[in-house]
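Structure first, commentary second.
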Amino acid sequence: MRQAELIRYAILAAQRDGNLWFARELRARALTPSQAEVLRVIGDDPNGVGLVDLGRLLVCESGTNPSRLVDRLVAAGLVQRLHSRADRRRLVLTLTSAGEEAERFVRGVEARMYAQIDAACGGAGGESLVSVLLSLSAGQSAGSALERRLAKAPE
């Protein structure tokens, strides 16, 4: 097997197994990985996030309108739609108290996942792996969403 093919399948296997593990952990709160990502993106912005802005920041969705995903979280009482303080014509998505609790749970699950990833890297320069992976997705929809999230993230 040539190295590029091995890399492709190793990425696929790691992503698939990681996503299955993540989904299994989230089931304790009846959340999906996509819903968890929405909670984290909204939770990262204390001013709330507009629906289009949310769509542009999600890696799990390829479109820019995650309405159904948000509708389910609103129905579950985890997300609310409020008028923006800066512009009353604009609606923003914020977490409810239950949503904040669910987001803290998601952060805990992610922390355990990241500990496993850190252990798997075993001190080897994860930076070079990240660089390769980012270059593989550069200019693609999920890669672009990740670039926007990275640009927005605090140092």
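Please note that chains go A, B, ... in the order of the structure tokens, that every chain numbers its residues from 1, and that ligands are numbered from 1 in the order shown.
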
Exercise. Quick one: residues within 12 Å of range 110-118 of chain A, only C-alpha atoms counted, chain neighbours fewer than 6 positions away excluded, as a PyMOL selection string?
Worked result: chain A and resi 14-15+17-26+33+36-37+40+103-104+124-127+129

For this session: Among the residues of chain A, find those DSSP assigns to strand (DSSP E or B) from the backbone and print them as a list of chain:residue names.
Result: A:Val49, A:Val79, A:Gln80, A:Arg81, A:Leu82, A:His83, A:Leu91, A:Val92, A:Leu93, A:Thr94, A:Leu95

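Here CA of Val49 in chain A and CA of Ser141 in chain A stand 19.4 Å from one another.
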
Exercise. Closest to Leu31 in chain A among A:Gly143, A:Pro66, A:Gly99, A:Gly43, using only C-alpha atoms?
Worked result: A:Gly99

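Put simply, CA of Ala102 in chain A is 10.5 Å away from CA of Gly77 in chain A.
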
Exercise. How would you write, as a VMD selection string, the set of residues in chain A that DSSP gives as alpha helix (DSSP H)?
Worked result: chain A and resid 3 to 26 33 to 43 51 to 57 67 to 75 97 to 121 126 to 137 141 to 152

For this session: Excluding Ala76 in chain A and residues on its chain fewer than 6 positions from it, collect all residues at most 10 Å away from it, counting only C-alpha atoms, and give them as a PyMOL selection string.
Result: chain A and resi 30+70+98-99

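Separating CA of Gln140 in chain A from CA of Leu95 in chain A is a distance of 29.0 Å.
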
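For the set A:Val79, A:Leu39, A:Glu147, A:Val92, the residue with the smallest atom-to-atom gap to Ser135 in chain A is A:Glu147, counting only C-alpha atoms.
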